[in-house]
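This report concerns only the one structure given below.
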Number of protein chains: 6
Amino acid sequence: MNRVYITRRETFNAAHKLWQPNWSDEKNQEVFGACSNKNWHGHNFTLFVTVSGAPDEATGFVMNLKDLSTLIRREVIDHLDHKNLNLDVPFLTGIMASTENLAIAIWNILSPKIAGFGAELEKIKLVETENNFVEYYGNKKPF
Amino acid sequence: MNRVYITRRETFNAAHKLWQPNWSDEKNQEVFGACSNKNWHGHNFTLFVTVSGAPDEATGFVMNLKDLSTLIRREVIDHLDHKNLNLDVPFLTGIMASTENLAIAIWNILSPKIAGFGAELEKIKLVETENNFVEYYGNKKPF
Amino acid sequence: MNRVYITRRETFNAAHKLWQPNWSDEKNQEVFGACSNKNWHGHNFTLFVTVSGAPDEATGFVMNLKDLSTLIRREVIDHLDHKNLNLDVPFLTGIMASTENLAIAIWNILSPKIAGFGAELEKIKLVETENNFVEYYGNKKPF
Amino acid sequence: MNRVYITRRETFNAAHKLWQPNWSDEKNQEVFGACSNKNWHGHNFTLFVTVSGAPDEATGFVMNLKDLSTLIRREVIDHLDHKNLNLDVPFLTGIMASTENLAIAIWNILSPKIAGFGAELEKIKLVETENNFVEYYGNKKPF
Amino acid sequence: MNRVYITRRETFNAAHKLWQPNWSDEKNQEVFGACSNKNWHGHNFTLFVTVSGAPDEATGFVMNLKDLSTLIRREVIDHLDHKNLNLDVPFLTGIMASTENLAIAIWNILSPKIAGFGAELEKIKLVETENNFVEYYGNKKPF
Amino acid sequence: MNRVYITRRETFNAAHKLWQPNWSDEKNQEVFGACSNKNWHGHNFTLFVTVSGAPDEATGFVMNLKDLSTLIRREVIDHLDHKNLNLDVPFLTGIMASTENLAIAIWNILSPKIAGFGAELEKIKLVETENNFVEYYGNKKPF
C-alpha cells in the first residue's frame, strides 16, 4: 500500500496562563515564571494535522482537504479561536492548559472522526511561538 | 548625509480584548466580533523598530544594536510581554487596546529616548497576526 | 493628525503566462523565457493592501479589518483565486498579465472603495515568488 | 552506524487542475471545487528531498549537496518548473495531478538514482500552499 | 504512556570552511567548491532540539522549556555563537566542520544531560541555509 | 506616470568581524562584543534590491527580472558569497564591515548600472539576521 501523509494547517489566537491551583502563588511564579501572570497572556497558535492513507484512484486524494479543514475548524478551531484556554473550552476543563495537554486533547477529538473518512490521524503538531512547538503521535510511535 | 535605516525586531506575547466600555454588549459583539470575547484572547506580537542616522565613521553603525535592543526591551517589551494589554500596562490605561493605538504608544515612549542616542525614530511596525500589521511614522510622512 | 497605516494580507493561487500576442514565438521565448510556456504555469500570490487614516476614537481602528478583508475578497480575490489571469479575469482583459500590471489593476479597483470607508489606499504589494514582488503606491509617491 | 538525514530544498512554479475525465462537470465541481477550474490555476511548489547515510570520514558528508541539488534539478525540477502538470510532464501522463501522486512520482524517479550515490532516499515532502503539504516515505514507514 | 515531543529552537551565527587537510588545494576546491574558501564564510544556524516524555501531572510539561533553553544555551550555543567552527570549538577539534558532524556532536553533548531531567533526546535538527538542513536521531531510528 | 516598484531577492553567505584597527582589543570587545571575535563569525545575508519605473507597454515589465537578477549576481553576489567581508572583497577595502556600510557599497555599485536599463534604483535592504536589517535609499528620501 502506498501510504501518503497529508497535512493541513489551521491557526487560532487564544489567551491562557500556566497556573497550578494546588500550589502557592510563589511556587507558580517559580515554576511557570511570566507564564503564570494572573491576568493572562496569549499566543497565535498554529495547528498542523497530519493524516495518512492510500491516495484514492479516482481523486488522487488521501482525504479531501476541504473535508479535513471543515472537520478541524468545526471540532477544534471554533472552540479555541479567540478564547481563553483556561476558562472557555469545555474539553480542557480541569486540565493544565499546557501546549502538551492541548495537543493530546486535539488528538483525542480528531482521531475517531478522521477514521470515519477512511484515513488515519498520524500527528498533531501545535506551534505556540517561533521558539517552541509540541508534537503528539498517539500510539503511532510505540516505545 | 548618508542616511541609513536600521531595524531591530523584538517579540512579546500578550492577552487583550477589544471592548468599548461605553457600548452595550451587543454593539461590542457587532463591531469587534470574536475579538470582544470577555475572557480575552491573545497574540504573539512582533515589533519592528526602525531608526535612522549616518553611520559612525569608527563603528560603521547608525546606532549600536545592543543599545537599541536593550532600550526597546527595558522601555517596551518588559511592560508588554506575558501581560494583559487592557489590565497590566500603565501606558495603555484608558486607551482602546487596538494595534493602532499600541503602535502610537510605543512610538511616544521610544522617540525621545532614541534621539538621546543621536539617531531618529522612523517607524514602528507591529505585527499582530500573519494577516495584519500596523505601521506608524509619527510626523515623518506628513500629508 | 495621527496617521496610522494598517495592512491586510490575502492570498490567491492562479495560472498565467507571459505572452505578447504581437510577437513571434521566438521573441516571446527570448524575452519571457520559461514564463512564456504555452500551457501556462502558476503561483501562490500573496497580496498586501495598506490603508491609512487616523484611529477612530471609539474603536481605535483606522478601518475595521473585517470590512477591509471582506472588501478585498469580494472585489479582488474572488476574481483571481483558482483562475487563469490571462483568460478568466474581466479586469485584466487586453492587459499583459505581469505582476506590475496586476498590482495597478488591483489599486484601481480598491482605491475608490476604500475611500468610501473614510480611509485612504496607500500601497498594493503583490508577492509572486519568494524572490520577487511588486509595490504600487498610485500617485502617493510623486516623482 | 551513525545515520544522519540531510534535506535539500528546491522550488518550482506550475499550473494544474484537478479534473477526473471519467466524471461529469458537475461531479468534478462538487468534489474538486475551485481546483477544477477548466482554465487551470497554479502554485509555487516547494520540494524537500531527504536522504540518509553515514557521514563520509573524509568529507563529513552523507552526500554532496551539490550532487543532490544537480540530481533533483535535472531529474525533477527541469520537468516541472513553469510547466502544466496535466499536459507537459511525461511522468505524470494518465495520473491525477494531485500533490499526493506527484510526491509518489518524484520518489520513484529519485530513489534509484540516490542509491547510486551510496545514500538512501528517506522522504519526499511537497508543499503546495502554506496550508497544505504531502509527505511520502516509500516503504520506509511500514504499516 | 502518553509520549509527547517538545521542540525548542535556538540560533547561532558562526564562521566555518569545509577543508580536508589531507587533500591538495585542488581537491578541496573540486569537492567543496566555494565552501572551501580559505578565508572562511558563515551562516545563521538554527538549531531545533526535540525531547520526549509524558507530561507531568502537576505542570502539564514534558520538561520545563526554561530548563531546556538554559541547558542548550550553556552547553551548546555559548560555544558556537559568534565563533569559528574550525578554530574556536573544543568539541569539534579534529572533526570536519560539516553540518552532519556538528549535529552528531550536539546530540552527544545534550543526550545525557536531558536524561538527567527525566526526558529523552529524540532529534537534533540543524538548519544551515533555507535550502539545506540535517537531522540526527542517535539510535532512535534503528535500521 | 505609473511608477511601479519591483524587488528582487538574492542571498549570500559570508564571514566577517566587527573590528576597528585603531582601537585596543578591550575597546573592540566593549563596543562590538561577540561580533569582534578574532576568528570571525558569519551570516546568511538576504539582499532585496528595489527598482522603479513605468511598466513597458509590450512586456508589462518595469525591468526584466532575469536582467536584474543577472546584474545583481554578477556585480554583487559573486563578490560576496562564500567570502570574508573583511579580507576578500575589493569594494569593501578600508571600510568597517558593518551592514550599514555594506548596503551603501551595494547601492553605489548597482545604481548606475540599473539606470542603464532605464529604471531607477530605489532601495537596498540587507537582512543580517531575523532580528536586524538595514535599508538604504541613497538620496531618494531627502531630509
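Labeling convention for the C-alpha cells: chains A, B, ... as they appear, residues from 1 per chain, ligands from 1 in order of appearance.
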Next item on the list: Please provide as number ranges by chain all residues within 7 Å of region 41-52 of chain E, with the sequence filter that same-chain residues fewer than 6 positions apart are discarded (counting only C-alpha atoms).
Entry: E: 3-17, 62, 119-128; F: 13-15, 41-44, 82-84, 129
Let me see the file: selected residues, N, CA, C and O atoms, as a compact mmCIF listing (two decimals), in the first residue's frame.
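Below is the file that was written, part-v4.txt:
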# COMPACT_ATOMS: atom_id res chain seq x y z
N ARG E 3 3.37 9.64 25.27
CA ARG E 3 4.64 10.28 24.93
C ARG E 3 4.39 11.50 24.04
O ARG E 3 3.81 11.38 22.96
N VAL E 4 4.84 12.65 24.50
CA VAL E 4 4.72 13.88 23.74
C VAL E 4 6.13 14.38 23.43
O VAL E 4 7.05 14.18 24.22
N TYR E 5 6.28 15.02 22.27
CA TYR E 5 7.57 15.52 21.80
C TYR E 5 7.55 17.05 21.84
O TYR E 5 6.66 17.66 21.23
N ILE E 6 8.47 17.66 22.53
CA ILE E 6 8.54 19.11 22.52
C ILE E 6 9.87 19.55 21.91
O ILE E 6 10.89 18.89 22.07
N THR E 7 9.81 20.67 21.22
CA THR E 7 10.99 21.15 20.49
C THR E 7 11.27 22.60 20.87
O THR E 7 10.35 23.42 20.93
N ARG E 8 12.53 22.87 21.13
CA ARG E 8 12.99 24.22 21.42
C ARG E 8 13.90 24.69 20.29
O ARG E 8 14.79 23.92 19.87
N ARG E 9 13.70 25.89 19.83
CA ARG E 9 14.54 26.48 18.78
C ARG E 9 15.54 27.45 19.39
O ARG E 9 15.17 28.25 20.26
N GLU E 10 16.80 27.37 19.00
CA GLU E 10 17.81 28.35 19.36
C GLU E 10 18.61 28.69 18.10
O GLU E 10 18.61 27.91 17.15
N THR E 11 19.27 29.83 18.08
CA THR E 11 20.02 30.23 16.89
C THR E 11 21.46 30.59 17.26
O THR E 11 21.75 30.96 18.39
N PHE E 12 22.35 30.45 16.29
CA PHE E 12 23.71 30.96 16.47
C PHE E 12 24.30 31.32 15.11
O PHE E 12 23.88 30.78 14.08
N ASN E 13 25.22 32.26 15.12
CA ASN E 13 25.88 32.73 13.90
C ASN E 13 27.34 32.35 13.99
O ASN E 13 28.01 32.69 14.97
N ALA E 14 27.85 31.67 12.98
CA ALA E 14 29.22 31.17 13.05
C ALA E 14 29.89 31.18 11.69
O ALA E 14 29.23 31.18 10.66
N ALA E 15 31.24 31.21 11.72
CA ALA E 15 32.04 31.05 10.51
C ALA E 15 32.54 29.62 10.43
O ALA E 15 32.68 28.94 11.45
N HIS E 16 32.78 29.16 9.23
CA HIS E 16 33.47 27.87 9.07
C HIS E 16 34.01 27.79 7.64
O HIS E 16 33.81 28.67 6.81
N LYS E 17 34.75 26.75 7.35
CA LYS E 17 35.04 26.37 5.97
C LYS E 17 35.08 24.86 5.92
O LYS E 17 35.28 24.18 6.94
N VAL E 62 6.37 18.16 29.53
CA VAL E 62 7.35 17.09 29.33
C VAL E 62 8.64 17.48 30.04
O VAL E 62 9.28 16.67 30.70
N ALA E 119 13.74 13.27 30.77
CA ALA E 119 13.20 13.26 29.40
C ALA E 119 14.21 12.58 28.49
O ALA E 119 15.32 12.25 28.91
N GLU E 120 13.82 12.34 27.24
CA GLU E 120 14.73 11.69 26.28
C GLU E 120 14.97 12.61 25.10
O GLU E 120 14.02 13.14 24.52
N LEU E 121 16.23 12.74 24.71
CA LEU E 121 16.53 13.46 23.48
C LEU E 121 16.07 12.60 22.30
O LEU E 121 16.36 11.40 22.25
N GLU E 122 15.34 13.21 21.38
CA GLU E 122 14.79 12.47 20.24
C GLU E 122 15.38 12.90 18.89
O GLU E 122 15.51 12.09 17.98
N LYS E 123 15.67 14.19 18.77
CA LYS E 123 16.14 14.66 17.46
C LYS E 123 16.93 15.94 17.61
O LYS E 123 16.58 16.81 18.41
N ILE E 124 17.99 16.05 16.83
CA ILE E 124 18.71 17.31 16.60
C ILE E 124 18.46 17.69 15.15
O ILE E 124 18.78 16.90 14.24
N LYS E 125 17.88 18.86 14.93
CA LYS E 125 17.73 19.38 13.56
C LYS E 125 18.54 20.66 13.47
O LYS E 125 18.37 21.56 14.31
N LEU E 126 19.40 20.72 12.47
CA LEU E 126 20.30 21.87 12.33
C LEU E 126 20.13 22.43 10.93
O LEU E 126 20.44 21.76 9.94
N VAL E 127 19.64 23.66 10.86
CA VAL E 127 19.36 24.31 9.58
C VAL E 127 20.52 25.25 9.25
O VAL E 127 20.82 26.15 10.03
N GLU E 128 21.16 25.03 8.11
CA GLU E 128 22.33 25.82 7.73
C GLU E 128 21.94 26.98 6.82
O GLU E 128 22.43 28.10 6.97
N ASN F 13 26.17 33.95 1.66
CA ASN F 13 26.67 33.52 2.97
C ASN F 13 28.09 34.01 3.09
O ASN F 13 28.92 33.72 2.23
N ALA F 14 28.39 34.73 4.17
CA ALA F 14 29.72 35.33 4.29
C ALA F 14 30.17 35.35 5.74
O ALA F 14 29.37 35.30 6.67
N ALA F 15 31.49 35.43 5.91
CA ALA F 15 32.10 35.64 7.22
C ALA F 15 32.48 37.10 7.37
O ALA F 15 32.73 37.79 6.38
N HIS F 41 33.00 35.37 12.53
CA HIS F 41 31.72 34.64 12.59
C HIS F 41 31.06 34.88 11.24
O HIS F 41 31.70 35.41 10.34
N GLY F 42 29.80 34.52 11.06
CA GLY F 42 29.22 34.70 9.73
C GLY F 42 27.72 34.70 9.74
O GLY F 42 27.09 34.50 10.80
N HIS F 43 27.16 34.94 8.57
CA HIS F 43 25.70 35.07 8.43
C HIS F 43 25.25 34.57 7.07
O HIS F 43 26.02 34.59 6.10
N ASN F 44 23.96 34.20 7.01
CA ASN F 44 23.23 34.09 5.75
C ASN F 44 22.61 35.46 5.48
O ASN F 44 21.60 35.80 6.11
N HIS F 82 30.15 33.27 0.01
CA HIS F 82 31.21 32.38 0.49
C HIS F 82 32.55 33.12 0.57
O HIS F 82 33.61 32.54 0.26
N LYS F 83 32.49 34.39 0.96
CA LYS F 83 33.68 35.21 1.11
C LYS F 83 33.78 35.72 2.54
O LYS F 83 32.84 35.62 3.33
N ASN F 84 34.96 36.31 2.83
CA ASN F 84 35.18 37.02 4.08
C ASN F 84 35.08 38.51 3.77
O ASN F 84 35.86 39.05 2.98
N THR F 129 20.27 39.11 10.19
CA THR F 129 19.67 38.02 10.97
C THR F 129 18.17 38.27 11.01
O THR F 129 17.70 39.31 10.57
Next item on the list: Identify all chain B residues at most 9 Å from chain C by counting only C-alpha atoms; ligands do not count. Present them as a ChimeraX atom specification.
Entry: /B:18-20,22,31-32,95-101,103-104,130-139,141-143
Item checked: strand (DSSP E) call set, DSSP backbone run, region 4-72 of chain E, as a PyMOL selection string -> chain E and resi 4-16+41-53
Could you write those residues out with C-alpha atoms, as a PDB file, in the first residue's frame?
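Below is the file part03.pdb, written as the result:
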ATOM      1  CA  VAL E   4       4.719  13.884  23.736  1.00  0.00           C
ATOM      2  CA  TYR E   5       7.573  15.524  21.803  1.00  0.00           C
ATOM      3  CA  ILE E   6       8.539  19.112  22.525  1.00  0.00           C
ATOM      4  CA  THR E   7      10.986  21.155  20.489  1.00  0.00           C
ATOM      5  CA  ARG E   8      12.993  24.220  21.419  1.00  0.00           C
ATOM      6  CA  ARG E   9      14.538  26.479  18.776  1.00  0.00           C
ATOM      7  CA  GLU E  10      17.810  28.355  19.358  1.00  0.00           C
ATOM      8  CA  THR E  11      20.019  30.234  16.890  1.00  0.00           C
ATOM      9  CA  PHE E  12      23.710  30.959  16.468  1.00  0.00           C
ATOM     10  CA  ASN E  13      25.877  32.728  13.899  1.00  0.00           C
ATOM     11  CA  ALA E  14      29.220  31.170  13.055  1.00  0.00           C
ATOM     12  CA  ALA E  15      32.036  31.053  10.514  1.00  0.00           C
ATOM     13  CA  HIS E  16      33.473  27.874   9.066  1.00  0.00           C
ATOM     14  CA  HIS E  41      32.363  32.059   5.122  1.00  0.00           C
ATOM     15  CA  GLY E  42      29.496  31.793   7.591  1.00  0.00           C
ATOM     16  CA  HIS E  43      25.862  31.129   8.359  1.00  0.00           C
ATOM     17  CA  ASN E  44      22.951  31.911  10.647  1.00  0.00           C
ATOM     18  CA  PHE E  45      22.406  28.420  12.005  1.00  0.00           C
ATOM     19  CA  THR E  46      19.073  27.411  13.517  1.00  0.00           C
ATOM     20  CA  LEU E  47      19.041  24.544  15.975  1.00  0.00           C
ATOM     21  CA  PHE E  48      15.905  22.575  16.908  1.00  0.00           C
ATOM     22  CA  VAL E  49      16.193  20.211  19.877  1.00  0.00           C
ATOM     23  CA  THR E  50      13.353  17.700  20.320  1.00  0.00           C
ATOM     24  CA  VAL E  51      12.869  15.812  23.579  1.00  0.00           C
ATOM     25  CA  SER E  52      10.085  13.445  24.638  1.00  0.00           C
ATOM     26  CA  GLY E  53       8.376  12.181  27.737  1.00  0.00           C
TER      27      GLY E  53
END
Item checked: Two-atom distance - CA of Arg73 (chain F), CA of Gly33 (chain E) (Å) -> 17.3 Å
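Going from CA of Arg74 (chain B) over to CA of Lys113 (chain B), you cover 11.5 Å.
In this structure, CA of Thr70 (chain D) sits 18.2 Å away from CA of Ala105 (chain D).
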